[in-house]
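Following: one structure in C-alpha cells, then a few remarks.
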Amino acid sequence: MWSVWKRDLAQGLSAAIRAAFGVEHDPVAEIPPRRALGDLAFPAALHLAKTLRRKPREIAEELARAWRPPAGVREVRVEGAGYLNVYFDRPAFAARLLAEPLLGGGAEDAGKTVVEHTNINPNKAAHIGHLRNAVLGDTLVRCLRALARPVEVQNYIDDTGVQVADVVVGFVDIERRTVAEVAALPEPFDFYCWDLYSRVGAWYEEDAARQHLRRETLHELESGRGERAEMGRLVARRVLTRHLGTMARLGVGYDLITHESDILALDFFHLAFARLQEAGAVRLEADGKNAGCWVMPLADTPEFAGLEDPDKVIVRSDGTITYVGKDIAYQLWKFGLLGKDFGYRWWPEQGLWQTAAEGAREHPPFGGAERVVNVIDARQSYLQKIVRAGLSALGHHEAARRSTHFAYEMVALSPATARLLGFASEDGKALEMSGRKGIGVKADELLDRLEGKAREEIAARNRELEREELRRLARQIATAALRFFMVKTTTTRVLAFDFDEALSFEGDSGPYLQYSLVRARNIGRRLAAAGLEPEVGAEAAAALASELWTDDLWELVHAVARTGEVVDKAASTLELSLVARHALDLAQAFHALYHHHPVLHEEDPALRRTRLATFQIFARGLRATADLLGIPEPERM
RNA sequence: GCGCCCGUAGCUCAGCUGGAUAGAGCGACAGCCUCCGGAGCUGUAGGUCAGAGGUUCGAAUCCUCUCGGGCGCACCA
C-alpha cells in the first residue's frame with residue numbers, strides 16, 4: 001500500500017507544479033529524519049530552484065498553497081531549506097495497516113525465476129561458507145514469493161567433478177575400501193569425508209604420479225561405469241543426504257535437485273557443445289599450452305580484454321569436460337533453450353524431485369525460466385561471466401542478459417576463531433577457509449553449539465518445560481541466530497566469522513527479534529487474562545483521536561508501513577541485508593516503546609487502545625519480515 | 001600487469017537513486033525489575049567518514065588519482 005500511496009502523492013504534486021510553474025518535474029519522496037517533521041518530504045522546490053531561478057523556500061511556500069493533497073493527508077508544511085513536508089492522518093493510516101496486506105499486492109504475471117543456490121560439492125561436510133550461500137538464496141526465494149513472483153529453487157550437485165573424484169581416490173586407493181564397506185560407515189558420513197578429503201590433497205603432494213588416479217577416476221565418474229563410478233554415486237548420495245538434513249534444520253528447502261551426472265548421461269553437454277562448434281564459439285587447439293583442448297576464445301569480448309590468457313578450456317585434452325562446459329549446457333536448459341529435458345524422479349525420503357536419466361512419467365514442469373539467478377560466491381565471477389558469454393556466443397543475448405550472478409563475498413574465519421580452532425593465521429587478518437586443507441567450521445557443528453546454548457538460556461528462564469518443547473524452541477532460536485547472522489551484513493563484504501559474535505543472542509541478533517515478538521504477544525495474553533479486550537480492530541483504531549498517536553508511537557507505525565518498499569528494493573537489488581536491518585529497526589523501536597508505554601496498566605481506555613494498536617501493527621510488520629528471513633516465532637523463550 | 005570488492009567510534013557493521021544534527025550492536029563507565037519477561041531499557045564517553053583533488057546550493061554518498069587490505073585472472077569448482 002505504501003508504494004501506491006507515495007506514487008499518488010508524487011503525481012498530485014507533479015500536477016500542482018505544472019499548474020503553478022508550467023514545468024515538468026517528477027518529485028521524489030524522502031523520509032524526514034524525525035517524525036515531528038512529517039511522514040514524507042518532497043525536496044522538489046530545492047530541485048526546481050535552479051531552473052526557476054528563485055529561492056527554494058519561496059517556491060515551496062507557493063506550492064504548499066497551490067497543492068491540494070488527497071484524503072489521508074492531514075497537513076502539508078514547508079520546512080528547512082524548502083522541503084515540502086506531508087503529515088498523514090494517523091488514525092486512518094493506522095487502521096489501514098491493521099487490515100491491509102503489507103507485502104505483495106502487485107499481481108504481476110511475471111514469468112518464472114529459477115534460483116540456483118547451495119550447490120555444495122557432495123564430497124565433504126557443509127561449512128559456514130556454504131551456509132551464507134544457502135541462507136541468502138533461501139531468503140531471496142522467500143522475498144520473491146512474498147512479492148507474488150513464481151520461483152523455482154534448484155540445488156545443483158556436481159557429482160562428477162574433481163572433488164568427488166578425490167574422495168573416491170581416498171576410499172579406493174588410500175583406504176582400500178570396497179563400496180560395501182563405505183556404505184557401512186557410520187554417520188556422520190560427511191564429517192568422515194571432510195577429514196579424508198584433506199588427507200587426499202596431502203597424499204597427491206607426496207607423489208605427483210598419483211595424479212593419474214584422479215584423472216582415471218574422473219573419467220569413470222563421467223562415463224558412469226565401473227567400481228569408481230559406483231563409489232562416486234555412493235559418496236555423492238550419502239553426503240547430499242547429510243547436506244539436505246543440515247539445510248532442513250534451517251528451514252532451507254528446494255524444488256529440484258539437479259545432478260551433473262544427468263547432464264552428462266543425457267548428453268546435454270554434447271548437444272550444447274555441438275552448437276558451440278557450429279557457432280564457431282569453440283576451437284580445438286593444435287599447440288601451445290592448451291594443445292589438445294577445446295577452448296572458448298574470449299579475446300574479442302570486451303569484458304575479457306586485458307586478460308593474460310583470454311581462452312577458457314571447455315574440454316580437456318583427455319576428453320573430460322570442465323565445469324564451465326557443463327554449466328553452459330545447464331544454463332541453456334534452465335531457459336528452455338536446449339531442446340531437451342531431464343527425466344525426473346521423486347525422492348520420497350526427502351520429499352522432493354531430482355533429475356534422472358530415466359524418470360517418472362508424470363512430474364511437475366521444471367526449467368523454462370524467464371529469469372535465472374545463480375547464487376554463487378564472488379570468487380567465481382569470472383566463471384559466471386564465461387557462462388553468460390557462452391549464451392551470447394550462441395546468439396541467446398536476451399537469456400544472457402537475464403542471467404544474474406548473485407555474487408556475495410566469502411566467509412573467512414576471524415583471527416580469534418582461527419586461533420581457537422588451532423589454525424595458524426597472521427595477526428589481525430581473517431583466514432580463508434579451505435575444504436581441501438580441512439580449514440573451516442562445519443555447519444552442523446555450529447548449529448549444535450547454537451542449539452546447546454539456546455537450550456541453556458531457555459531452561460534458565462523456564463523451569464518446567466517438556467523435553468520436546470525445549471528442543472523445538474532451542475532449534476527455533478538457533479535458526480534465528482544463524483540466519484540473521486548470515487544475512488545482516490552487506491553481501492559485498494567479506495564475512496569474518498567469529499564464534500563469540502555468532503553465538504551472541506543479544507543486541508543485533510535473531511533472538512532479539514524473536515524476543516520482541518514474544519513480548520508483544522504476551523501483552524495480548526495478559527489483557528485477555530485480565531478480562532480486557534486483547535486486540536483492536538481497524539474500525540476502532542480509525543476512531544481514535546489523532547493526538548493519541550504521539551510521535552514516538554507513530555514512528556513505529558511509520559516504519560512498519562515502509563516494509564513492502566524495503567522488500568521490493570531488497571529483491572530487486574539482491575541486497576537482502578536491507579530486510580534484516582529493517583527487522584532490527586522495528587524490534588529496536590518496539591523495545592524502546594515497550595518500557596514507556598504500558599498497556600495493561602494504563603487506565604485510560606483510548607490511550608490503552610492506541611498503544612495496543614501500535615504494538616499489533618508492529619507484530620504484523622515484524623512477523624512478515626521475520627518470515628522472509630526464515631526466522632520462526634517461538635511461543636516463549 | 002588487468003579486473004572485482006572493502007577502508008566510517010577501541011572492535012563488528014548501518015548510512016537508500018547526493019539533502020535536514022553521521023547511527024546501531026559489542027566492549028567501557030553510570031543507572032533501571034513491588035509494575036505487560038532484564039535475551040530488555042535509559043544515559044555518558046568515543047568519529048580529520050583512509051588521503052588528496054573535482055562536480056554541486058549541498059558529498060560519508062557521485063567522478064579522478066594516491067595509499068592500505070581482500071579476492072579473482074587453472075586442462076579445481
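All residue names refer to the C-alpha cells as shown: chains lettered A, B, ... in order, residues numbered from 1 in each chain, ligands numbered from 1 in order.
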Write out as an NGL selection string the residues lying within 12 Å of segment 10-12 of chain B, counting only C-alpha atoms (C1' of nucleotides) and excluding same-chain residues fewer than 3 positions away.
(:A and (414 or 428 or 485 or 488-489 or 493-498 or 500-502 or 507-508)) or (:B and (24-28 or 45-47))
Let me see the file: selected residues, N, CA, C and O atoms (P, O5', C5', C4', C3', O3' and C1' of nucleotides), as a compact mmCIF listing (two decimals), in the first residue's frame.
# COMPACT_ATOMS: atom_id res chain seq x y z
N SER A 414 37.58 -15.31 11.65
CA SER A 414 38.21 -14.20 12.35
C SER A 414 39.50 -14.71 12.98
O SER A 414 39.64 -15.91 13.23
N GLY A 428 45.66 -10.26 13.10
CA GLY A 428 44.77 -9.22 12.62
C GLY A 428 44.14 -9.51 11.28
O GLY A 428 43.38 -8.72 10.77
N PHE A 485 22.53 -13.80 11.41
CA PHE A 485 23.97 -13.54 11.33
C PHE A 485 24.46 -13.56 9.88
O PHE A 485 25.28 -12.74 9.47
N LYS A 488 22.70 -10.32 7.82
CA LYS A 488 22.68 -8.93 8.28
C LYS A 488 23.78 -8.08 7.65
O LYS A 488 23.66 -6.86 7.60
N THR A 489 24.84 -8.70 7.18
CA THR A 489 25.94 -7.95 6.60
C THR A 489 25.75 -7.80 5.09
O THR A 489 25.27 -8.72 4.44
N ARG A 493 30.65 -7.56 1.36
CA ARG A 493 31.70 -7.51 2.37
C ARG A 493 32.08 -8.93 2.79
O ARG A 493 31.21 -9.77 3.00
N VAL A 494 33.35 -9.18 2.91
CA VAL A 494 33.80 -10.49 3.42
C VAL A 494 33.28 -10.64 4.84
O VAL A 494 33.40 -9.73 5.65
N LEU A 495 32.68 -11.78 5.12
CA LEU A 495 32.14 -12.02 6.45
C LEU A 495 33.20 -12.72 7.28
O LEU A 495 33.58 -13.86 7.00
N ALA A 496 33.71 -12.01 8.29
CA ALA A 496 34.70 -12.63 9.17
C ALA A 496 33.95 -13.34 10.28
O ALA A 496 33.43 -12.72 11.21
N PHE A 497 33.90 -14.66 10.16
CA PHE A 497 33.11 -15.43 11.12
C PHE A 497 33.82 -15.49 12.46
O PHE A 497 34.98 -15.88 12.56
N ASP A 498 33.08 -15.13 13.49
CA ASP A 498 33.63 -15.16 14.84
C ASP A 498 32.65 -15.90 15.74
O ASP A 498 31.47 -15.56 15.78
N ASP A 500 32.25 -16.02 19.02
CA ASP A 500 31.60 -15.22 20.07
C ASP A 500 30.45 -14.40 19.51
O ASP A 500 29.38 -14.31 20.11
N GLU A 501 30.70 -13.83 18.34
CA GLU A 501 29.69 -12.97 17.75
C GLU A 501 28.50 -13.80 17.25
O GLU A 501 27.34 -13.44 17.45
N ALA A 502 28.82 -14.92 16.62
CA ALA A 502 27.75 -15.76 16.06
C ALA A 502 26.89 -16.37 17.17
O ALA A 502 25.70 -16.61 16.98
N GLY A 507 21.60 -7.92 21.46
CA GLY A 507 21.87 -6.86 20.51
C GLY A 507 21.32 -7.20 19.14
O GLY A 507 20.23 -7.73 19.04
N ASP A 508 22.08 -6.86 18.08
CA ASP A 508 21.51 -7.14 16.76
C ASP A 508 21.67 -8.60 16.39
O ASP A 508 22.65 -9.02 15.79
P A B 24 21.96 5.65 17.94
O5' A B 24 21.60 4.15 17.69
C5' A B 24 22.57 3.18 17.81
C4' A B 24 22.13 1.90 17.19
C3' A B 24 22.72 0.72 17.93
O3' A B 24 21.79 0.26 18.89
C1' A B 24 23.42 0.66 15.68
P G B 25 22.35 -0.05 20.36
O5' G B 25 23.13 -1.42 20.15
C5' G B 25 22.43 -2.58 19.71
C4' G B 25 23.42 -3.65 19.31
C3' G B 25 24.51 -3.93 20.33
O3' G B 25 24.06 -4.81 21.34
C1' G B 25 25.48 -3.67 18.21
P C B 26 24.61 -4.64 22.81
O5' C B 26 26.12 -5.14 22.68
C5' C B 26 26.41 -6.48 22.33
C4' C B 26 27.89 -6.65 22.07
C3' C B 26 28.81 -6.21 23.21
O3' C B 26 28.90 -7.20 24.22
C1' C B 26 29.63 -5.37 21.16
P G B 27 28.98 -6.69 25.74
O5' G B 27 30.37 -5.93 25.79
C5' G B 27 31.60 -6.64 25.64
C4' G B 27 32.75 -5.68 25.59
C3' G B 27 32.82 -4.67 26.73
O3' G B 27 33.36 -5.23 27.91
C1' G B 27 33.17 -3.54 24.69
P A B 28 32.78 -4.72 29.32
O5' A B 28 33.25 -3.21 29.39
C5' A B 28 34.63 -2.90 29.38
C4' A B 28 34.84 -1.42 29.61
C3' A B 28 34.00 -0.81 30.73
O3' A B 28 34.59 -1.03 32.00
C1' A B 28 33.90 0.59 28.81
P A B 45 28.99 12.64 26.48
O5' A B 45 30.36 11.81 26.44
C5' A B 45 31.42 12.11 27.35
C4' A B 45 32.47 11.03 27.28
C3' A B 45 33.04 10.78 25.89
O3' A B 45 34.06 11.70 25.59
C1' A B 45 32.48 8.72 26.91
P G B 46 34.12 12.36 24.15
O5' G B 46 34.51 11.14 23.20
C5' G B 46 35.79 10.52 23.31
C4' G B 46 35.80 9.24 22.51
C3' G B 46 35.47 9.42 21.03
O3' G B 46 36.62 9.77 20.29
C1' G B 46 34.22 7.61 21.93
P G B 47 36.63 11.14 19.45
O5' G B 47 36.20 10.69 18.00
C5' G B 47 36.95 9.69 17.26
C4' G B 47 36.43 9.64 15.87
C3' G B 47 36.53 10.93 15.07
O3' G B 47 37.74 10.92 14.34
C1' G B 47 34.43 9.79 14.72
Can you list every residue of chain A that has an atom at most 7 Å from chain B, with its nearest atom pair and the distance in Å to one decimal, using only C-alpha atoms (C1' of nucleotides), ordered by chain then number, as a tab-separated table?
residue	atom	partner	partner_atom	distance
A:Gly80	CA	B:A20	C1'	6.6
A:Val162	CA	B:C76	C1'	6.7
A:Gly306	CA	B:C2	C1'	5.4
A:Leu307	CA	B:C2	C1'	6.0
A:Val313	CA	B:C75	C1'	6.7
A:Arg316	CA	B:C75	C1'	4.7
A:Ser317	CA	B:C75	C1'	6.3
A:Tyr323	CA	B:A77	C1'	6.9
A:Arg379	CA	B:G72	C1'	5.8
A:Thr492	CA	B:C5	C1'	6.2
A:Arg493	CA	B:C6	C1'	6.4
A:Phe505	CA	B:A39	C1'	6.0
A:Glu506	CA	B:A39	C1'	5.7
A:Gly507	CA	B:G25	C1'	5.3
A:Asp508	CA	B:G25	C1'	5.5
A:Pro511	CA	B:A39	C1'	6.7
A:Tyr512	CA	B:A39	C1'	6.3
A:Tyr515	CA	B:A39	C1'	6.7
A:Arg519	CA	B:G37	C1'	7.0
A:Asn522	CA	B:C36	C1'	6.8
A:Ile523	CA	B:C36	C1'	5.0
A:Arg526	CA	B:C36	C1'	6.6
A:His591	CA	B:G40	C1'	6.9
A:Ala592	CA	B:C41	C1'	6.4
A:His595	CA	B:C41	C1'	6.6
A:Pro598	CA	B:C36	C1'	6.6
A:Val599	CA	B:C36	C1'	6.5
A:Leu600	CA	B:C36	C1'	5.7
Enumerate as an MDAnalysis selection string all residues of segment 19-189 of chain A assigned to helix (DSSP H, G or I) by DSSP on the backbone, naming them with the chain letters and numbers the document uses.
chainID A and resid 19:21 35:37 44:52 56:66 90:99 128:146 162:174 179:183 189
Write out as a PyMOL selection string which residues come within 10 Å of segment 135-148 of chain A when counting only C-alpha atoms (C1' of nucleotides), dropping same-chain ones fewer than 3 positions away.
chain A and resi 102-110+113-118+130-132+151-153+247+250-254+373-376+406+408+482-487+491+564+567-568+570-572+574-577+579+624-625+627-630
Write out as a list in words each polymer residue whose atoms come within 10 Å of segment 348-351 of chain A, counting only C-alpha atoms (C1' of nucleotides); drop sequence neighbours fewer than 2 positions from it.
Thr241, Leu244, Gly245, Ala248, Gly253, Tyr254, Asp255, Arg345, Trp346, Trp353 and Gln354 of chain A
For the residues in that selection, give me all heavy atoms as an mmCIF file, in the first residue's frame.
data_model
loop_
_atom_site.group_PDB
_atom_site.id
_atom_site.type_symbol
_atom_site.label_atom_id
_atom_site.label_comp_id
_atom_site.auth_asym_id
_atom_site.auth_seq_id
_atom_site.Cartn_x
_atom_site.Cartn_y
_atom_site.Cartn_z
ATOM 1 N N THR A 241 22.612 -36.346 1.161
ATOM 2 C CA THR A 241 21.568 -36.583 2.160
ATOM 3 C C THR A 241 21.877 -35.827 3.444
ATOM 4 O O THR A 241 20.999 -35.217 4.058
ATOM 5 C CB THR A 241 21.457 -38.096 2.446
ATOM 6 O OG1 THR A 241 21.165 -38.760 1.216
ATOM 7 C CG2 THR A 241 20.348 -38.381 3.448
ATOM 8 N N LEU A 244 21.269 -32.053 2.880
ATOM 9 C CA LEU A 244 19.844 -31.692 2.896
ATOM 10 C C LEU A 244 19.323 -31.671 4.337
ATOM 11 O O LEU A 244 18.486 -30.839 4.685
ATOM 12 C CB LEU A 244 19.042 -32.682 2.043
ATOM 13 C CG LEU A 244 19.332 -32.606 0.526
ATOM 14 C CD1 LEU A 244 18.617 -33.722 -0.213
ATOM 15 C CD2 LEU A 244 18.946 -31.246 -0.039
ATOM 16 N N GLY A 245 19.852 -32.563 5.153
ATOM 17 C CA GLY A 245 19.468 -32.579 6.563
ATOM 18 C C GLY A 245 19.920 -31.303 7.264
ATOM 19 O O GLY A 245 19.181 -30.704 8.049
ATOM 20 N N ALA A 248 17.718 -28.500 6.140
ATOM 21 C CA ALA A 248 16.370 -28.619 6.708
ATOM 22 C C ALA A 248 16.331 -28.067 8.129
ATOM 23 O O ALA A 248 15.328 -27.506 8.566
ATOM 24 C CB ALA A 248 15.921 -30.077 6.685
ATOM 25 N N GLY A 253 14.831 -25.169 1.836
ATOM 26 C CA GLY A 253 14.359 -26.276 1.000
ATOM 27 C C GLY A 253 14.498 -25.977 -0.484
ATOM 28 O O GLY A 253 14.863 -24.869 -0.881
ATOM 29 N N TYR A 254 14.197 -26.985 -1.290
ATOM 30 C CA TYR A 254 14.384 -26.870 -2.743
ATOM 31 C C TYR A 254 13.194 -27.490 -3.476
ATOM 32 O O TYR A 254 12.459 -28.301 -2.920
ATOM 33 C CB TYR A 254 15.669 -27.602 -3.165
ATOM 34 C CG TYR A 254 16.832 -27.253 -2.279
ATOM 35 C CD1 TYR A 254 17.114 -28.002 -1.122
ATOM 36 C CD2 TYR A 254 17.618 -26.136 -2.523
ATOM 37 C CE1 TYR A 254 18.143 -27.656 -0.268
ATOM 38 C CE2 TYR A 254 18.662 -25.781 -1.677
ATOM 39 C CZ TYR A 254 18.911 -26.545 -0.544
ATOM 40 O OH TYR A 254 19.919 -26.185 0.310
ATOM 41 N N ASP A 255 13.059 -27.104 -4.746
ATOM 42 C CA ASP A 255 12.061 -27.756 -5.584
ATOM 43 C C ASP A 255 12.668 -28.901 -6.373
ATOM 44 O O ASP A 255 11.992 -29.876 -6.675
ATOM 45 C CB ASP A 255 11.462 -26.747 -6.574
ATOM 46 C CG ASP A 255 10.734 -25.625 -5.864
ATOM 47 O OD1 ASP A 255 9.977 -25.926 -4.925
ATOM 48 O OD2 ASP A 255 10.930 -24.452 -6.225
ATOM 49 N N ARG A 345 12.670 -37.891 -10.995
ATOM 50 C CA ARG A 345 12.246 -38.915 -10.048
ATOM 51 C C ARG A 345 11.907 -38.251 -8.722
ATOM 52 O O ARG A 345 12.597 -37.326 -8.287
ATOM 53 C CB ARG A 345 13.387 -39.905 -9.809
ATOM 54 C CG ARG A 345 13.232 -41.232 -10.530
ATOM 55 C CD ARG A 345 14.365 -42.140 -10.146
ATOM 56 N NE ARG A 345 15.624 -41.386 -10.085
ATOM 57 C CZ ARG A 345 16.701 -41.804 -9.452
ATOM 58 N NH1 ARG A 345 16.695 -42.966 -8.816
ATOM 59 N NH2 ARG A 345 17.808 -41.077 -9.426
ATOM 60 N N TRP A 346 10.877 -38.752 -8.099
ATOM 61 C CA TRP A 346 10.511 -38.284 -6.762
ATOM 62 C C TRP A 346 11.404 -38.967 -5.746
ATOM 63 O O TRP A 346 11.673 -40.160 -5.845
ATOM 64 C CB TRP A 346 9.042 -38.626 -6.509
ATOM 65 C CG TRP A 346 8.528 -38.243 -5.152
ATOM 66 C CD1 TRP A 346 8.141 -39.093 -4.156
ATOM 67 C CD2 TRP A 346 8.336 -36.919 -4.652
ATOM 68 N NE1 TRP A 346 7.715 -38.387 -3.059
ATOM 69 C CE2 TRP A 346 7.826 -37.046 -3.330
ATOM 70 C CE3 TRP A 346 8.548 -35.636 -5.181
ATOM 71 C CZ2 TRP A 346 7.513 -35.942 -2.536
ATOM 72 C CZ3 TRP A 346 8.250 -34.541 -4.375
ATOM 73 C CH2 TRP A 346 7.735 -34.700 -3.089
ATOM 74 N N TRP A 353 11.854 -33.485 -5.718
ATOM 75 C CA TRP A 353 12.168 -34.036 -7.026
ATOM 76 C C TRP A 353 13.648 -33.908 -7.314
ATOM 77 O O TRP A 353 14.295 -32.980 -6.866
ATOM 78 C CB TRP A 353 11.381 -33.304 -8.118
ATOM 79 C CG TRP A 353 9.924 -33.621 -8.106
ATOM 80 C CD1 TRP A 353 8.940 -32.952 -7.445
ATOM 81 C CD2 TRP A 353 9.288 -34.708 -8.782
ATOM 82 N NE1 TRP A 353 7.722 -33.557 -7.659
ATOM 83 C CE2 TRP A 353 7.900 -34.634 -8.483
ATOM 84 C CE3 TRP A 353 9.744 -35.749 -9.611
ATOM 85 C CZ2 TRP A 353 6.978 -35.557 -8.982
ATOM 86 C CZ3 TRP A 353 8.823 -36.666 -10.109
ATOM 87 C CH2 TRP A 353 7.451 -36.568 -9.793
ATOM 88 N N GLN A 354 14.130 -34.873 -8.089
ATOM 89 C CA GLN A 354 15.505 -34.767 -8.558
ATOM 90 C C GLN A 354 15.559 -35.241 -10.004
ATOM 91 O O GLN A 354 14.698 -35.979 -10.463
ATOM 92 C CB GLN A 354 16.434 -35.597 -7.684
ATOM 93 C CG GLN A 354 16.074 -37.071 -7.619
ATOM 94 C CD GLN A 354 17.044 -37.844 -6.737
ATOM 95 O OE1 GLN A 354 18.181 -37.448 -6.573
ATOM 96 N NE2 GLN A 354 16.567 -38.938 -6.176
#
All residues 7 Å or closer to Tyr197 of chain A, only C-alpha atoms (C1' of nucleotides), same chain fewer than 5 positions away omitted, as a PyMOL selection string
chain A and resi 166-167+436
Just to be explicit: take each residue in the selection above, keep N, CA and C atoms, and write the result as a PDB file, in the first residue's frame.
ATOM      1  N   ASP A 166      38.259 -36.975  -5.921  1.00  0.00           N
ATOM      2  CA  ASP A 166      39.319 -37.048  -4.916  1.00  0.00           C
ATOM      3  C   ASP A 166      38.929 -37.895  -3.715  1.00  0.00           C
ATOM      4  N   VAL A 167      37.694 -37.778  -3.278  1.00  0.00           N
ATOM      5  CA  VAL A 167      37.274 -38.590  -2.134  1.00  0.00           C
ATOM      6  C   VAL A 167      37.170 -40.064  -2.542  1.00  0.00           C
ATOM      7  N   ARG A 436      39.842 -28.242   0.929  1.00  0.00           N
ATOM      8  CA  ARG A 436      40.997 -29.061   0.547  1.00  0.00           C
ATOM      9  C   ARG A 436      41.969 -29.237   1.699  1.00  0.00           C
TER      10      ARG A 436
END
Write out as a PDB file with N, CA and C atoms, in the first residue's frame which residues come within 12 Å of Asp552 of chain A when counting only C-alpha atoms (C1' of nucleotides), dropping same-chain ones fewer than 6 positions away.
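Output file part02.pdb is given in full below:
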ATOM      1  N   ARG A  34      13.047  13.051  11.357  1.00  0.00           N
ATOM      2  CA  ARG A  34      12.251  12.884  12.574  1.00  0.00           C
ATOM      3  C   ARG A  34      10.778  12.987  12.225  1.00  0.00           C
ATOM      4  N   ARG A  35       9.972  12.253  12.979  1.00  0.00           N
ATOM      5  CA  ARG A  35       8.537  12.241  12.686  1.00  0.00           C
ATOM      6  C   ARG A  35       7.884  13.607  12.918  1.00  0.00           C
ATOM      7  N   ALA A  36       8.493  14.422  13.783  1.00  0.00           N
ATOM      8  CA  ALA A  36       7.944  15.754  14.016  1.00  0.00           C
ATOM      9  C   ALA A  36       7.992  16.577  12.730  1.00  0.00           C
ATOM     10  N   HIS A 558       4.932   4.062  11.264  1.00  0.00           N
ATOM     11  CA  HIS A 558       5.516   4.548  10.025  1.00  0.00           C
ATOM     12  C   HIS A 558       6.538   3.547   9.475  1.00  0.00           C
ATOM     13  N   ALA A 559       7.359   3.025  10.363  1.00  0.00           N
ATOM     14  CA  ALA A 559       8.391   2.068   9.943  1.00  0.00           C
ATOM     15  C   ALA A 559       7.758   0.789   9.393  1.00  0.00           C
ATOM     16  N   ALA A 589      12.755  -0.251  17.865  1.00  0.00           N
ATOM     17  CA  ALA A 589      11.745   0.766  18.144  1.00  0.00           C
ATOM     18  C   ALA A 589      10.709   0.217  19.124  1.00  0.00           C
ATOM     19  N   PHE A 590      10.328  -1.020  18.926  1.00  0.00           N
ATOM     20  CA  PHE A 590       9.343  -1.622  19.818  1.00  0.00           C
ATOM     21  C   PHE A 590       9.866  -1.720  21.243  1.00  0.00           C
ATOM     22  N   HIS A 591      11.050  -2.280  21.399  1.00  0.00           N
ATOM     23  CA  HIS A 591      11.614  -2.471  22.736  1.00  0.00           C
ATOM     24  C   HIS A 591      11.703  -1.145  23.485  1.00  0.00           C
ATOM     25  N   ALA A 592      12.086  -0.098  22.785  1.00  0.00           N
ATOM     26  CA  ALA A 592      12.217   1.204  23.429  1.00  0.00           C
ATOM     27  C   ALA A 592      10.856   1.709  23.923  1.00  0.00           C
ATOM     28  N   LEU A 593       9.833   1.534  23.099  1.00  0.00           N
ATOM     29  CA  LEU A 593       8.495   1.994  23.479  1.00  0.00           C
ATOM     30  C   LEU A 593       7.905   1.173  24.606  1.00  0.00           C
ATOM     31  N   TYR A 594       8.195  -0.100  24.545  1.00  0.00           N
ATOM     32  CA  TYR A 594       7.629  -1.069  25.473  1.00  0.00           C
ATOM     33  C   TYR A 594       7.733  -0.611  26.930  1.00  0.00           C
ATOM     34  N   HIS A 596       8.052   2.461  28.052  1.00  0.00           N
ATOM     35  CA  HIS A 596       7.455   3.762  28.361  1.00  0.00           C
ATOM     36  C   HIS A 596       5.958   3.805  28.126  1.00  0.00           C
ATOM     37  N   HIS A 597       5.443   2.802  27.450  1.00  0.00           N
ATOM     38  CA  HIS A 597       4.022   2.825  27.114  1.00  0.00           C
ATOM     39  C   HIS A 597       3.315   1.556  27.564  1.00  0.00           C
ATOM     40  N   ARG A 611      -2.026   2.359  22.158  1.00  0.00           N
ATOM     41  CA  ARG A 611      -0.758   1.641  22.353  1.00  0.00           C
ATOM     42  C   ARG A 611      -0.868   0.209  21.858  1.00  0.00           C
ATOM     43  N   THR A 614      -0.775   0.078  18.139  1.00  0.00           N
ATOM     44  CA  THR A 614       0.597   0.280  17.669  1.00  0.00           C
ATOM     45  C   THR A 614       1.400  -1.010  17.755  1.00  0.00           C
TER      46      THR A 614
END
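If you look at atom CA of Glu445 of chain A and atom CA of Phe423 of chain A, they are 16.9 Å away from each other.
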Can you list, as number ranges by chain, every protein, DNA or RNA residue that comes within 9 Å of segment 451-462 of chain A when you count only C-alpha atoms (C1' of nucleotides), leaving out same-chain residues fewer than 2 positions away?
A: 446-449, 464-465, 470-471, 473-479, 503, 505, 636-637; B: 37, 39
Just to be explicit: take each residue in the selection above, keep C-alpha atoms (C1' of nucleotides), and write the result as a compact mmCIF listing (two decimals), in the first residue's frame.
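Dumped to again-v1.txt:
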# COMPACT_ATOMS: atom_id res chain seq x y z
CA LEU A 446 27.94 -24.60 14.62
CA LEU A 447 24.26 -25.47 14.70
CA ASP A 448 24.83 -27.93 17.52
CA ARG A 449 26.62 -25.29 19.56
CA GLU A 464 9.03 -26.75 33.74
CA LEU A 465 9.33 -27.40 30.03
CA LEU A 470 12.71 -27.35 24.87
CA ARG A 471 14.28 -28.98 21.86
CA LEU A 473 12.41 -23.84 21.00
CA ALA A 474 16.17 -24.27 21.03
CA ARG A 475 16.15 -25.11 17.36
CA GLN A 476 13.98 -22.10 16.54
CA ILE A 477 16.33 -19.79 18.39
CA ALA A 478 19.44 -21.34 16.86
CA THR A 479 17.93 -20.96 13.41
CA LEU A 503 26.77 -17.25 19.41
CA PHE A 505 21.78 -13.78 21.38
CA ARG A 636 8.20 -18.43 24.55
CA MET A 637 11.93 -18.24 25.09
C1' G B 37 9.53 -11.39 30.63
C1' A B 39 17.68 -12.40 25.59
From the DSSP assignment of the backbone, select every residue of segment 318-474 of chain A that is strand (DSSP E), and format the answer as a short mmCIF file (atom, residue, chain, number, x, y, z; two decimals) with C-alpha atoms, in the first residue's frame.
data_model
loop_
_atom_site.label_atom_id
_atom_site.label_comp_id
_atom_site.auth_asym_id
_atom_site.auth_seq_id
_atom_site.Cartn_x
_atom_site.Cartn_y
_atom_site.Cartn_z
CA GLY A 343 13.97 -37.22 -16.54
CA TYR A 344 12.61 -36.66 -13.04
CA ARG A 345 12.25 -38.91 -10.05
CA TRP A 346 10.51 -38.28 -6.76
CA TRP A 347 12.75 -38.74 -3.74
CA LEU A 352 11.49 -33.50 -3.33
CA TRP A 353 12.17 -34.04 -7.03
CA GLN A 354 15.50 -34.77 -8.56
CA THR A 355 16.73 -35.19 -12.08
CA ALA A 356 17.31 -38.65 -13.50
CA ARG A 371 14.96 -15.18 -15.49
CA VAL A 372 17.78 -17.07 -13.78
CA VAL A 373 19.56 -16.14 -10.57
CA ASN A 374 22.67 -18.09 -9.62
CA VAL A 375 23.74 -17.63 -6.03
CA ILE A 376 27.48 -18.19 -6.20
CA ASP A 377 30.29 -16.55 -4.29
CA SER A 403 21.13 -14.44 -16.21
CA THR A 404 22.07 -12.87 -12.92
CA HIS A 405 25.06 -13.86 -10.89
CA PHE A 406 24.09 -13.14 -7.29
CA ALA A 407 27.63 -12.67 -6.06
CA TYR A 408 28.43 -12.44 -2.38
CA VAL A 411 33.10 -16.24 4.72
CA ALA A 412 36.50 -16.27 6.40
CA LEU A 413 37.49 -17.05 9.98
CA LEU A 431 41.73 -16.72 7.44
CA GLU A 432 40.17 -18.03 4.26
#
